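The data block below is model.cif; it holds mmCIF, C-alpha atoms and all ligand atoms.
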data_final
#
loop_
_atom_site.label_atom_id
_atom_site.label_comp_id
_atom_site.auth_asym_id
_atom_site.auth_seq_id
_atom_site.Cartn_x
_atom_site.Cartn_y
_atom_site.Cartn_z
CA VAL A 16 14.87 -17.52 -4.97
CA ILE A 17 12.25 -18.51 -2.46
CA GLU A 18 13.39 -21.33 -0.23
CA PRO A 19 10.82 -24.02 0.56
CA GLY A 20 9.36 -23.08 3.90
CA ASP A 21 9.92 -19.34 3.47
CA PHE A 22 6.12 -19.02 3.38
CA GLY A 23 3.20 -21.10 4.50
CA PRO A 24 2.27 -23.88 4.84
CA PHE A 25 -0.89 -22.85 3.01
CA ASP A 26 -2.93 -25.90 4.03
CA GLY A 27 -2.50 -27.32 0.55
CA ARG A 28 -4.20 -24.31 -1.02
CA THR A 29 -2.98 -21.92 -3.68
CA TRP A 30 -3.10 -18.30 -2.60
CA LEU A 31 -3.58 -16.03 -5.60
CA ASN A 32 -5.14 -13.17 -3.67
CA CYS A 33 -2.33 -11.00 -2.38
CA ALA A 34 -4.31 -7.93 -3.43
CA HIS A 35 -6.53 -8.85 -0.47
CA GLN A 36 -4.01 -10.16 2.09
CA GLY A 37 -0.34 -10.96 1.78
CA PRO A 38 0.82 -13.96 3.84
CA LEU A 39 3.51 -13.58 6.50
CA PRO A 40 6.86 -15.07 5.57
CA ARG A 41 8.37 -17.49 8.08
CA VAL A 42 10.82 -14.84 9.33
CA ALA A 43 7.87 -12.61 10.21
CA VAL A 44 6.07 -15.46 11.96
CA GLU A 45 9.21 -15.96 14.07
CA ALA A 46 9.32 -12.25 14.84
CA ALA A 47 5.65 -12.34 15.83
CA GLU A 48 6.33 -15.30 18.14
CA ARG A 49 9.19 -13.34 19.69
CA ALA A 50 6.87 -10.35 20.13
CA LEU A 51 4.36 -12.50 21.96
CA ALA A 52 7.09 -13.93 24.16
CA LEU A 53 8.08 -10.40 25.20
CA LYS A 54 4.59 -9.87 26.54
CA VAL A 55 4.33 -13.24 28.24
CA ALA A 56 7.26 -12.24 30.45
CA PRO A 57 7.70 -8.46 30.14
CA SER A 58 11.11 -8.62 31.78
CA ARG A 59 12.26 -9.81 28.36
CA LEU A 60 11.25 -6.47 26.86
CA SER A 61 14.04 -4.00 27.55
CA GLU A 62 13.37 -0.29 27.28
CA GLU A 63 16.04 -0.23 24.61
CA GLU A 64 14.13 -2.78 22.53
CA PHE A 65 10.88 -0.88 23.09
CA ALA A 66 12.52 2.21 21.59
CA ARG A 67 14.08 0.22 18.78
CA VAL A 68 10.76 -1.11 17.41
CA PRO A 69 9.69 2.04 15.52
CA ARG A 70 13.29 2.94 14.69
CA ASP A 71 13.98 -0.34 12.92
CA LEU A 72 10.69 -0.28 11.03
CA ARG A 73 11.31 3.29 9.87
CA GLY A 74 14.73 2.18 8.70
CA VAL A 75 13.53 -0.67 6.48
CA LEU A 76 10.66 1.39 5.08
CA GLY A 77 13.11 4.17 4.23
CA ARG A 78 15.25 1.65 2.33
CA LEU A 79 12.15 0.37 0.56
CA LEU A 80 11.11 3.84 -0.58
CA GLY A 81 14.56 5.25 -1.18
CA VAL A 82 14.37 7.96 1.49
CA PRO A 83 16.02 8.61 4.87
CA ALA A 84 14.28 6.81 7.72
CA HIS A 85 13.30 10.06 9.43
CA GLU A 86 11.06 10.95 6.47
CA VAL A 87 8.80 7.93 7.00
CA VAL A 88 5.48 8.18 8.86
CA LEU A 89 4.48 4.94 10.59
CA GLY A 90 0.81 4.09 10.32
CA ASN A 91 -1.74 1.39 10.87
CA SER A 92 -3.30 1.54 7.40
CA THR A 93 -3.27 3.31 4.07
CA THR A 94 -6.05 5.45 5.45
CA HIS A 95 -3.85 6.79 8.25
CA GLY A 96 -1.61 8.45 5.67
CA LEU A 97 -4.42 9.65 3.42
CA HIS A 98 -6.32 11.01 6.38
CA LEU A 99 -3.23 12.92 7.50
CA LEU A 100 -2.94 14.50 4.05
CA ALA A 101 -6.63 15.21 3.54
CA ARG A 102 -6.89 16.82 6.97
CA GLY A 103 -3.46 18.36 7.06
CA LEU A 104 -2.84 19.93 3.66
CA PRO A 105 -3.72 23.62 3.74
CA LEU A 106 -6.87 23.39 1.61
CA ARG A 107 -9.36 26.23 1.69
CA ALA A 108 -12.85 26.94 0.33
CA GLY A 109 -12.63 27.20 -3.45
CA ASP A 110 -9.64 24.87 -3.72
CA GLU A 111 -10.05 21.71 -5.72
CA VAL A 112 -8.98 18.09 -5.20
CA LEU A 113 -9.01 15.75 -8.21
CA LEU A 114 -9.57 12.01 -7.83
CA VAL A 115 -10.32 9.18 -10.25
CA ASP A 116 -13.76 7.68 -10.64
CA GLY A 117 -13.56 3.93 -10.06
CA ASP A 118 -10.73 4.24 -7.58
CA PHE A 119 -10.80 2.18 -4.41
CA PRO A 120 -12.87 3.85 -1.66
CA ALA A 121 -9.81 4.19 0.60
CA THR A 122 -8.34 6.64 -1.92
CA VAL A 123 -11.56 8.61 -2.30
CA VAL A 124 -13.45 8.85 0.97
CA PRO A 125 -10.80 10.58 3.13
CA TRP A 126 -11.16 13.67 0.90
CA LEU A 127 -14.96 13.81 0.83
CA PRO A 128 -15.49 15.55 4.21
CA LEU A 129 -13.49 18.50 2.79
CA ARG A 130 -16.62 19.40 0.83
CA ASP A 131 -18.05 20.69 4.12
CA ARG A 132 -15.19 23.22 4.11
CA GLY A 133 -16.08 24.37 0.61
CA VAL A 134 -13.29 22.40 -1.06
CA ARG A 135 -14.38 21.00 -4.41
CA VAL A 136 -13.69 17.28 -4.69
CA ARG A 137 -14.03 16.18 -8.32
CA LEU A 138 -13.90 12.65 -9.71
CA LEU A 139 -12.33 12.29 -13.15
CA ARG A 140 -13.71 9.57 -15.39
CA PRO A 141 -10.98 8.11 -17.59
CA GLY A 142 -11.94 7.54 -21.25
CA ALA A 143 -9.93 4.34 -21.51
CA ARG A 144 -8.24 3.02 -18.41
CA PRO A 145 -5.85 4.01 -16.95
CA LEU A 146 -6.29 7.77 -16.72
CA SER A 147 -3.80 9.41 -19.09
CA ALA A 148 -1.54 12.39 -18.46
CA HIS A 149 -3.43 14.15 -21.22
CA GLU A 150 -6.77 13.68 -19.45
CA LEU A 151 -5.30 14.89 -16.18
CA ALA A 152 -3.77 17.96 -17.83
CA ALA A 153 -7.13 18.83 -19.39
CA ALA A 154 -8.93 18.47 -16.06
CA ILE A 155 -6.62 20.65 -13.96
CA THR A 156 -7.97 24.13 -13.27
CA PRO A 157 -6.36 27.13 -11.56
CA ALA A 158 -8.13 25.98 -8.36
CA THR A 159 -6.63 22.47 -8.41
CA ARG A 160 -4.32 21.88 -5.46
CA VAL A 161 -4.13 18.10 -5.19
CA PHE A 162 -4.43 15.08 -7.45
CA CYS A 163 -4.70 11.76 -5.61
CA ALA A 164 -4.88 8.34 -7.26
CA SER A 165 -4.09 4.74 -6.59
CA TRP A 166 -0.96 3.57 -8.39
CA VAL A 167 -2.67 0.25 -9.16
CA PHE A 168 -6.45 0.09 -9.21
CA SER A 169 -7.93 -2.66 -7.09
CA PHE A 170 -10.97 -3.43 -9.25
CA PHE A 171 -9.48 -2.94 -12.73
CA GLY A 172 -5.86 -4.00 -12.26
CA ASP A 173 -4.53 -1.05 -14.25
CA ALA A 174 -1.45 0.89 -13.14
CA VAL A 175 -1.33 4.60 -13.81
CA ASP A 176 1.83 6.09 -15.28
CA VAL A 177 3.18 7.72 -12.12
CA ASP A 178 5.98 9.52 -13.98
CA ALA A 179 3.69 10.98 -16.63
CA LEU A 180 0.93 12.04 -14.23
CA GLY A 181 3.50 13.39 -11.80
CA ALA A 182 5.15 15.44 -14.55
CA VAL A 183 1.80 17.09 -15.31
CA CYS A 184 1.26 17.83 -11.62
CA ARG A 185 4.76 19.34 -11.28
CA GLU A 186 4.25 21.51 -14.33
CA ARG A 187 0.90 22.79 -13.06
CA GLY A 188 1.87 23.23 -9.42
CA VAL A 189 -0.47 20.48 -8.19
CA LEU A 190 0.46 18.11 -5.37
CA PHE A 191 0.48 14.45 -6.45
CA VAL A 192 -0.54 11.96 -3.77
CA VAL A 193 -0.12 8.29 -4.66
CA ASN A 194 -1.83 5.39 -2.93
CA GLY A 195 0.69 2.58 -3.29
CA ALA A 196 -1.31 -0.03 -1.36
CA GLN A 197 -1.57 -2.33 -4.41
CA ALA A 198 1.92 -1.70 -5.71
CA VAL A 199 4.63 -0.99 -3.15
CA GLY A 200 6.42 -4.28 -2.52
CA VAL A 201 5.81 -5.64 -6.02
CA ARG A 202 6.73 -2.61 -8.14
CA PRO A 203 9.97 -0.71 -7.59
CA LEU A 204 9.62 2.87 -6.39
CA ASP A 205 12.28 5.44 -5.62
CA VAL A 206 10.50 8.46 -4.25
CA SER A 207 13.71 10.46 -4.20
CA THR A 208 13.42 10.65 -7.99
CA ALA A 209 9.71 9.97 -8.73
CA PRO A 210 7.65 13.12 -9.38
CA ILE A 211 5.36 12.57 -6.42
CA ASP A 212 4.67 14.56 -3.29
CA ALA A 213 3.40 11.79 -1.08
CA VAL A 214 2.96 8.05 -1.15
CA VAL A 215 0.92 6.01 1.30
CA GLY A 216 0.29 2.31 1.63
CA CYS A 217 -0.54 -0.57 3.89
CA GLY A 218 1.70 -3.34 5.13
CA PHE A 219 -0.71 -6.24 4.92
CA LYS A 220 -0.85 -6.83 1.18
CA TRP A 221 2.26 -6.71 -1.03
CA LEU A 222 4.55 -6.01 1.94
CA CYS A 223 3.47 -9.29 3.57
CA GLY A 224 3.03 -7.75 6.99
CA PRO A 225 0.34 -8.14 9.65
CA TYR A 226 -3.01 -6.41 9.31
CA GLY A 227 -3.07 -3.00 11.01
CA THR A 228 0.13 -1.67 9.43
CA GLY A 229 0.77 1.21 7.06
CA PHE A 230 3.14 3.97 6.08
CA ALA A 231 3.29 7.38 4.52
CA TRP A 232 6.05 9.44 3.00
CA VAL A 233 5.43 13.12 2.41
CA ARG A 234 7.99 15.31 0.66
CA PRO A 235 9.68 17.21 3.49
CA ASP A 236 8.72 20.70 2.26
CA VAL A 237 5.09 19.55 1.94
CA LEU A 238 5.23 17.89 5.35
CA GLU A 239 6.15 21.26 6.83
CA THR A 240 2.93 22.79 5.49
CA LEU A 241 0.66 20.23 7.16
CA GLU A 242 -1.82 21.84 9.50
CA TYR A 243 -2.45 18.74 11.52
CA GLU A 244 -1.79 18.94 15.19
CA GLN A 245 -0.86 15.82 17.04
CA ALA A 246 1.17 15.63 20.20
CA TYR A 247 2.03 12.13 21.31
CA TRP A 248 3.96 11.75 24.55
CA LEU A 249 6.06 8.85 23.32
CA ALA A 250 7.19 10.73 20.23
CA GLN A 251 8.01 13.72 22.41
CA LEU A 252 10.43 11.85 24.68
CA PRO A 253 13.93 13.24 24.39
CA ASP A 254 16.29 10.61 22.92
CA ASP A 255 13.72 7.83 23.39
CA ASP A 256 14.56 8.01 27.10
CA LEU A 257 11.66 6.34 28.91
CA SER A 258 13.04 7.35 32.30
CA ARG A 259 12.42 11.05 31.69
CA ARG A 260 8.69 11.59 31.41
CA LEU A 261 8.03 14.70 33.43
CA ASP A 262 9.11 17.09 30.76
CA TYR A 263 6.10 18.70 29.10
CA SER A 264 7.95 20.81 26.59
CA LEU A 265 6.97 20.19 22.98
CA ARG A 266 9.64 19.25 20.49
CA ASP A 267 9.55 20.74 17.03
CA ASP A 268 12.26 18.54 15.55
CA LEU A 269 10.29 15.34 15.06
CA GLY A 270 9.91 15.48 11.29
CA ALA A 271 7.69 12.75 9.89
CA ALA A 272 7.55 10.98 13.27
CA ALA A 273 5.32 13.81 14.50
CA PHE A 274 2.53 12.17 12.49
CA ASP A 275 3.06 8.53 13.43
CA VAL A 276 0.08 6.50 14.47
CA PHE A 277 -0.15 6.31 18.27
CA GLY A 278 1.31 3.19 19.84
CA THR A 279 4.52 3.29 17.78
CA ALA A 280 6.25 0.61 19.83
CA ASN A 281 3.57 -1.76 18.53
CA PHE A 282 5.84 -4.78 18.79
CA ASN A 283 3.13 -7.34 17.97
CA ASN A 284 2.68 -5.83 14.53
CA PHE A 285 5.84 -3.88 13.85
CA LEU A 286 8.40 -6.58 14.70
CA PRO A 287 6.95 -9.03 12.16
CA TRP A 288 6.35 -6.28 9.62
CA THR A 289 9.97 -5.16 9.89
CA ALA A 290 11.02 -8.76 9.27
CA SER A 291 8.73 -9.00 6.23
CA VAL A 292 10.05 -5.82 4.63
CA GLU A 293 13.64 -6.88 5.31
CA TYR A 294 12.88 -10.21 3.71
CA LEU A 295 11.44 -8.55 0.59
CA LEU A 296 14.39 -6.16 0.38
CA GLY A 297 16.70 -9.15 0.62
CA HIS A 298 15.11 -10.54 -2.54
CA GLY A 299 15.06 -7.15 -4.21
CA ILE A 300 11.85 -5.49 -5.37
CA GLU A 301 13.08 -5.43 -8.99
CA ALA A 302 13.58 -9.19 -8.92
CA ILE A 303 10.19 -9.74 -7.27
CA ALA A 304 8.52 -7.55 -9.89
CA ALA A 305 10.16 -9.54 -12.70
CA HIS A 306 9.12 -12.86 -11.15
CA VAL A 307 5.51 -11.75 -10.72
CA ASP A 308 5.35 -10.23 -14.19
CA ALA A 309 6.51 -13.53 -15.68
CA LEU A 310 3.66 -15.29 -13.86
CA VAL A 311 1.20 -12.72 -15.15
CA GLU A 312 2.56 -13.20 -18.67
CA ARG A 313 2.11 -16.97 -18.38
CA LEU A 314 -1.49 -16.53 -17.23
CA LEU A 315 -2.42 -14.06 -19.95
CA ALA A 316 -0.75 -16.02 -22.74
CA ALA A 317 -2.63 -19.18 -21.81
CA LEU A 318 -5.97 -17.36 -21.73
CA ASP A 319 -5.52 -16.02 -25.24
CA GLY A 320 -8.46 -17.12 -27.35
CA SER A 321 -10.24 -18.79 -24.42
CA ASP A 322 -13.71 -18.04 -23.09
CA VAL A 323 -12.15 -16.09 -20.25
CA GLU A 324 -11.45 -12.48 -21.16
CA VAL A 325 -8.72 -10.36 -19.65
CA LEU A 326 -10.17 -7.02 -18.51
CA SER A 327 -6.98 -5.58 -16.97
CA PRO A 328 -4.19 -4.23 -19.21
CA ARG A 329 -2.45 -7.02 -21.12
CA GLU A 330 0.89 -5.36 -21.63
CA GLY A 331 3.13 -2.40 -20.97
CA SER A 332 3.57 -0.45 -17.77
CA ALA A 333 -0.22 -0.29 -17.23
CA ARG A 334 -0.19 -4.03 -16.60
CA SER A 335 0.12 -4.91 -12.92
CA SER A 336 0.24 -7.86 -10.57
CA LEU A 337 -3.56 -7.74 -10.40
CA VAL A 338 -5.17 -9.63 -13.27
CA VAL A 339 -8.89 -9.07 -13.69
CA LEU A 340 -10.81 -11.67 -15.68
CA SER A 341 -14.34 -12.33 -16.78
CA HIS A 342 -15.95 -15.23 -18.56
CA ARG A 343 -17.53 -14.10 -21.84
CA ASP A 344 -20.77 -14.81 -20.01
CA ALA A 345 -20.11 -12.72 -16.90
CA SER A 346 -22.94 -14.43 -15.02
CA ARG A 347 -20.64 -17.46 -14.80
CA ASN A 348 -17.92 -15.62 -12.85
CA ALA A 349 -19.36 -16.39 -9.42
CA GLY A 350 -19.54 -20.06 -10.36
CA LEU A 351 -15.94 -20.01 -11.59
CA HIS A 352 -14.86 -18.38 -8.35
CA GLU A 353 -16.57 -21.15 -6.40
CA ARG A 354 -15.08 -23.84 -8.64
CA LEU A 355 -11.58 -22.45 -8.10
CA ALA A 356 -12.15 -22.44 -4.34
CA ILE A 357 -13.33 -26.04 -4.43
CA GLU A 358 -10.13 -26.93 -6.29
CA GLY A 359 -8.13 -25.20 -3.55
CA ILE A 360 -7.35 -22.01 -5.44
CA ASP A 361 -8.12 -18.73 -3.73
CA VAL A 362 -8.77 -15.73 -5.95
CA ALA A 363 -11.00 -12.70 -5.39
CA LEU A 364 -14.42 -11.95 -6.82
CA ARG A 365 -14.61 -8.16 -7.14
CA GLU A 366 -17.36 -6.14 -8.81
CA GLY A 367 -18.50 -9.36 -10.47
CA ASN A 368 -15.09 -10.18 -11.97
CA LEU A 369 -12.34 -12.61 -10.99
CA ARG A 370 -9.11 -11.09 -9.72
CA LEU A 371 -5.87 -13.09 -9.51
CA SER A 372 -2.91 -11.47 -7.78
CA PRO A 373 0.27 -13.57 -7.47
CA HIS A 374 3.31 -12.53 -5.45
CA LEU A 375 6.82 -13.84 -4.90
CA TYR A 376 5.72 -17.03 -3.10
CA ASN A 377 3.68 -18.15 -6.15
CA GLY A 378 5.16 -20.24 -8.93
CA GLU A 379 4.24 -21.40 -12.39
CA ASP A 380 2.48 -24.44 -10.92
CA ASP A 381 0.06 -22.10 -9.10
CA ILE A 382 -0.77 -20.29 -12.33
CA ASP A 383 -1.18 -23.59 -14.15
CA ALA A 384 -3.50 -24.89 -11.43
CA ALA A 385 -5.75 -21.85 -11.86
CA LEU A 386 -5.59 -22.16 -15.63
CA ALA A 387 -6.68 -25.78 -15.48
CA VAL A 388 -9.91 -24.73 -13.80
CA LEU A 389 -10.42 -21.63 -15.95
CA ALA A 390 -9.88 -23.59 -19.16
CA ALA A 391 -12.27 -26.31 -18.11
C1 LIG A 401 -6.03 0.72 -3.31
C2 LIG A 401 -6.26 0.32 -1.88
N1 LIG A 401 -6.00 1.20 -0.90
C3 LIG A 401 -6.19 0.89 0.37
C4 LIG A 401 -6.64 -0.34 0.76
C5 LIG A 401 -6.80 -0.65 2.21
O1 LIG A 401 -6.92 0.52 2.97
P1 LIG A 401 -6.51 0.53 4.51
O2 LIG A 401 -5.07 0.16 4.56
O3 LIG A 401 -6.76 1.92 4.93
O4 LIG A 401 -7.39 -0.46 5.17
C6 LIG A 401 -6.95 -1.29 -0.21
C7 LIG A 401 -7.47 -2.61 0.20
O5 LIG A 401 -8.03 -3.36 -0.53
C8 LIG A 401 -6.74 -0.95 -1.56
O6 LIG A 401 -6.99 -1.84 -2.53
#

Rendering of file as structure tokens:
Amino acid sequence: VIEPGDFGPFDGRTWLNCAHQGPLPRVAVEAAERALALKVAPSRLSEEEFARVPRDLRGVLGRLLGVPAHEVVLGNSTTHGLHLLARGLPLRAGDEVLLVDGDFPATVVPWLPLRDRGVRVRLLRPGARPLSAHELAAAITPATRVFCASWVFSFFGDAVDVDALGAVCRERGVLFVVNGAQAVGVRPLDVSTAPIDAVVGCGFKWLCGPYGTGFAWVRPDVLETLEYEQAYWLAQLPDDDLSRRLDYSLRDDLGAAAFDVFGTANFNNFLPWTASVEYLLGHGIEAIAAHVDALVERLLAALDGSDVEVLSPREGSARSSLVVLSHRDASRNAGLHERLAIEGIDVALREGNLRLSPHLYNGEDDIDAALAVLAA
């Protein structure tokens, strides 16, 4: 149950574009105000609190993903995690990385420079969306080392079957890297049981955090194989003790924290993000997913037989919190987008289609407001 005032105010507008930016809940706004206050008068910022910023964030992200905190890499984007994997996994000339054609650029471009090393980067074109386990199995060759895909596709709104694709990867000895940017926070995930080797994501969409936040989890035995050297003085400090800096020895016990983005005590961003994730966990991701799915159901049911076609999956596990629509006459989509905006309803126009993406702060009245414009 969302209490009035938990989010917003939204200036009287209806925000149906979480796939672009998730709004900060009130608790995160308060945390951000506290973060600013620490910097106004730095005496308020104790060294203990400085050290606690990354620790607390790692803790809530671990709870979110179902892993111990020390397995979480703190980042500033989805790309931070994907870049770590693309640069760090021991890929050699002749090895192959499989991706999905039509995936969001963030999932694709970090792998492309590997071509200069002689790594083959191949884009699979699904017959019908989303890519099936069968198609993936047929595409894997003895050279395939990695398969990387978005869980939910930004432009098509389809969710891949993580369990089925992951099972194929396990069977064939291929690492499965999942971009959860459009899913984590609105779809439950327990990486301790999911057949995945890594999941990355950002904080500023479905996790309702500030921009410039992200995370990665890499299965510990895979993390150990990463050939990515980073030595950050703050991570190296013994016991987070800021008073002991003249010790240049390198620790080898950092685990995932060895790959954190620099500036890990980023209190401006990480204090509010921690509050956002705690808030979402307090509601329960299962409950949030059910709420959002009911809104999606309401939207799709009302569009049945209308002039607005649903391009994203209409049912089953391939359906997501991103609903992609097009008027039968697609040239009218830009006009519809503008009309919705005039009526105070913010949705995205992506690749010529309308994309509506509700989250926990939306209600049936928001869906009905959009429908009123779409139906007219
Ligand atoms: C699937 C997907 N991945 C990643 C991102 C953002 O990437 P980053 O966090 O690196 O800016 C987006 C943003 O739209 C996205 O849709």

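Minimum atom-to-atom distance to ligand LIG 401 (chain A), evaluated using only C-alpha atoms and all ligand atoms, belongs to A:Asp118 out of A:Glu150, A:Asp118, A:Asp267, A:Asp176.
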
- Message: Using only C-alpha atoms for the distances, tell me which of A:Val124, A:Thr94, A:Glu18, A:Thr29 is nearest to Asp383 of chain A.
- Response: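 Result for the nearest residue to Asp383 of chain A: A:Thr29.
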
Give me, as a tab-separated table, the closest atom pair and its distance (Å, one decimal) for every residue of chain A within a cut-off of 7 Å of ligand LIG 401 (chain A), counting all atoms listed in the file, rows sorted by chain and rising number.
residue	atom	partner	partner_atom	distance
A:Ala34	CA	A:LIG401	O5	6.6
A:His35	CA	A:LIG401	O5	5.7
A:Ser92	CA	A:LIG401	O2	3.6
A:Thr93	CA	A:LIG401	O2	3.7
A:Thr94	CA	A:LIG401	O3	3.6
A:His95	CA	A:LIG401	O3	6.6
A:Phe119	CA	A:LIG401	C1	5.1
A:Ala121	CA	A:LIG401	C3	4.9
A:Thr122	CA	A:LIG401	N1	6.0
A:Ser165	CA	A:LIG401	C1	5.5
A:Val167	CA	A:LIG401	C1	6.8
A:Phe168	CA	A:LIG401	C1	5.9
A:Ser169	CA	A:LIG401	O6	4.7
A:Asn194	CA	A:LIG401	N1	6.3
A:Gly195	CA	A:LIG401	C1	7.0
A:Ala196	CA	A:LIG401	N1	4.9
A:Gln197	CA	A:LIG401	C1	5.5
A:Gly216	CA	A:LIG401	O2	6.5
A:Cys217	CA	A:LIG401	O2	4.6
A:Gly229	CA	A:LIG401	O2	6.4

- From the list A:Asp71, A:Asp255, A:Asp110, A:Asp116, which residue is nearest Phe285 of chain A when using only C-alpha atoms?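 Selected residue with least distance to Phe285 of chain A: A:Asp71.
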
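Shortest atom-to-atom contact with Asp205 of chain A among A:Ile303, A:Leu104, A:Leu295, A:Val177: A:Val177, counting only C-alpha atoms.
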
- Message: Show me the residues close to (-15.6, -26.1, -13.5) - anything with an atom within 7 Å, counting all atoms listed in the file - and format the list as a VMD selection string.
- Response: chain A and resid 351 354 388 391

- Message: So, with all atoms listed in the file as the atoms that count, which of A:Gly188, A:Pro210, A:Pro203, A:Gly90 lies closest to Val161 of chain A?
- Response: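 Ranking A:Gly188, A:Pro210, A:Pro203, A:Gly90 by distance to Val161 of chain A, first place goes to A:Gly188.
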
- Query: Pro38 of chain A: which residues within 8 Å, counting all atoms listed in the file, same-chain residues fewer than 5 positions away excluded, as a ChimeraX atom specification?
  - Reply: /A:22-23,33,219-220,223-224

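In terms of minimum interatomic distance to Ala47 of chain A, A:Phe282 ranks closest within A:Ala345, A:Phe282, A:Gly181, A:Val323, counting all atoms listed in the file.
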
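For the pair atom CA of Phe162 of chain A and atom CA of Val175 of chain A, the separation is 12.6 Å.
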
- Message: Residues within 9 Å of Gly81 of chain A, please, as a VMD selection string. Count all atoms listed in the file; anything in the same chain fewer than 2 positions from it doesn't count.
- Response: chain A and resid 76 to 79 83 204 to 208

- Distance of atom CA of Arg140 of chain A from atom CA of Arg347 of chain A, expressed in Å to one decimal place: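 Computing the Euclidean distance for atom CA of Arg347 of chain A and atom CA of Arg140 of chain A yields 27.9 Å.
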
Env of Arg329 of chain A: 12 Å cut, atoms = all atoms listed in the file, seq-sep filter 3 positions within chain, self excluded. Answer as a PDB file with C-alpha atoms, keeping the file's coordinate frame.
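Written output follows (result.pdb):
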ATOM      1  CA  ARG A 144      -8.240   3.020 -18.410  1.00  0.00           C
ATOM      2  CA  PHE A 171      -9.480  -2.940 -12.730  1.00  0.00           C
ATOM      3  CA  GLY A 172      -5.860  -4.000 -12.260  1.00  0.00           C
ATOM      4  CA  ASP A 173      -4.530  -1.050 -14.250  1.00  0.00           C
ATOM      5  CA  ALA A 174      -1.450   0.890 -13.140  1.00  0.00           C
ATOM      6  CA  ASP A 308       5.350 -10.230 -14.190  1.00  0.00           C
ATOM      7  CA  VAL A 311       1.200 -12.720 -15.150  1.00  0.00           C
ATOM      8  CA  GLU A 312       2.560 -13.200 -18.670  1.00  0.00           C
ATOM      9  CA  ARG A 313       2.110 -16.970 -18.380  1.00  0.00           C
ATOM     10  CA  LEU A 314      -1.490 -16.530 -17.230  1.00  0.00           C
ATOM     11  CA  LEU A 315      -2.420 -14.060 -19.950  1.00  0.00           C
ATOM     12  CA  ALA A 316      -0.750 -16.020 -22.740  1.00  0.00           C
ATOM     13  CA  LEU A 318      -5.970 -17.360 -21.730  1.00  0.00           C
ATOM     14  CA  ASP A 319      -5.520 -16.020 -25.240  1.00  0.00           C
ATOM     15  CA  GLU A 324     -11.450 -12.480 -21.160  1.00  0.00           C
ATOM     16  CA  VAL A 325      -8.720 -10.360 -19.650  1.00  0.00           C
ATOM     17  CA  LEU A 326     -10.170  -7.020 -18.510  1.00  0.00           C
ATOM     18  CA  SER A 332       3.570  -0.450 -17.770  1.00  0.00           C
ATOM     19  CA  ALA A 333      -0.220  -0.290 -17.230  1.00  0.00           C
ATOM     20  CA  ARG A 334      -0.190  -4.030 -16.600  1.00  0.00           C
ATOM     21  CA  SER A 335       0.120  -4.910 -12.920  1.00  0.00           C
ATOM     22  CA  SER A 336       0.240  -7.860 -10.570  1.00  0.00           C
ATOM     23  CA  LEU A 337      -3.560  -7.740 -10.400  1.00  0.00           C
ATOM     24  CA  VAL A 338      -5.170  -9.630 -13.270  1.00  0.00           C
ATOM     25  CA  VAL A 339      -8.890  -9.070 -13.690  1.00  0.00           C
ATOM     26  CA  LEU A 340     -10.810 -11.670 -15.680  1.00  0.00           C
TER      27      LEU A 340
END

- Item | Contact residues around Glu62 of chain A with all atoms listed in the file at 10 Å, ignoring same-chain residues under 6 positions, as number ranges by chain | A: 255-258

- Message: Using Å and a single decimal, report how far atom CA of Ala198 of chain A sits from atom CA of Val276 of chain A.
- Response: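 Calculated distance between atom CA of Val276 of chain A and atom CA of Ala198 of chain A is 21.9 Å.
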
Provide an axis-aligned box for all listed atoms of segment 261-273 of chain A, padding each side by 4 Å; report its centre and its edge lengths in Å to one decimal, as lines of an AutoDock Vina configuration file.
center_x = 8.8
center_y = 15.9
center_z = 21.7
size_x = 14.9
size_y = 17.8
size_z = 31.5

Can you pull out every residue within 12 Å of Ala153 of chain A, counting all atoms listed in the file, but drop anything in the same chain fewer than 4 positions away, and send it as a PDB file with C-alpha atoms, in the frame of the given file?
ATOM      1  CA  LEU A 113      -9.010  15.750  -8.210  1.00  0.00           C
ATOM      2  CA  LEU A 139     -12.330  12.290 -13.150  1.00  0.00           C
ATOM      3  CA  PRO A 141     -10.980   8.110 -17.590  1.00  0.00           C
ATOM      4  CA  LEU A 146      -6.290   7.770 -16.720  1.00  0.00           C
ATOM      5  CA  SER A 147      -3.800   9.410 -19.090  1.00  0.00           C
ATOM      6  CA  ALA A 148      -1.540  12.390 -18.460  1.00  0.00           C
ATOM      7  CA  HIS A 149      -3.430  14.150 -21.220  1.00  0.00           C
ATOM      8  CA  PRO A 157      -6.360  27.130 -11.560  1.00  0.00           C
ATOM      9  CA  THR A 159      -6.630  22.470  -8.410  1.00  0.00           C
ATOM     10  CA  LEU A 180       0.930  12.040 -14.230  1.00  0.00           C
ATOM     11  CA  VAL A 183       1.800  17.090 -15.310  1.00  0.00           C
ATOM     12  CA  CYS A 184       1.260  17.830 -11.620  1.00  0.00           C
ATOM     13  CA  ARG A 187       0.900  22.790 -13.060  1.00  0.00           C
TER      14      ARG A 187
END

- Take the point (9.0, 14.0, 2.2) in the file's coordinates, draw a sphere of radius 12 Å around it, and report as a ChimeraX atom specification every protein, DNA or RNA residue with an atom inside or on it, counting only C-alpha atoms. /A:77,80-88,192,206-215,231-241,270-272
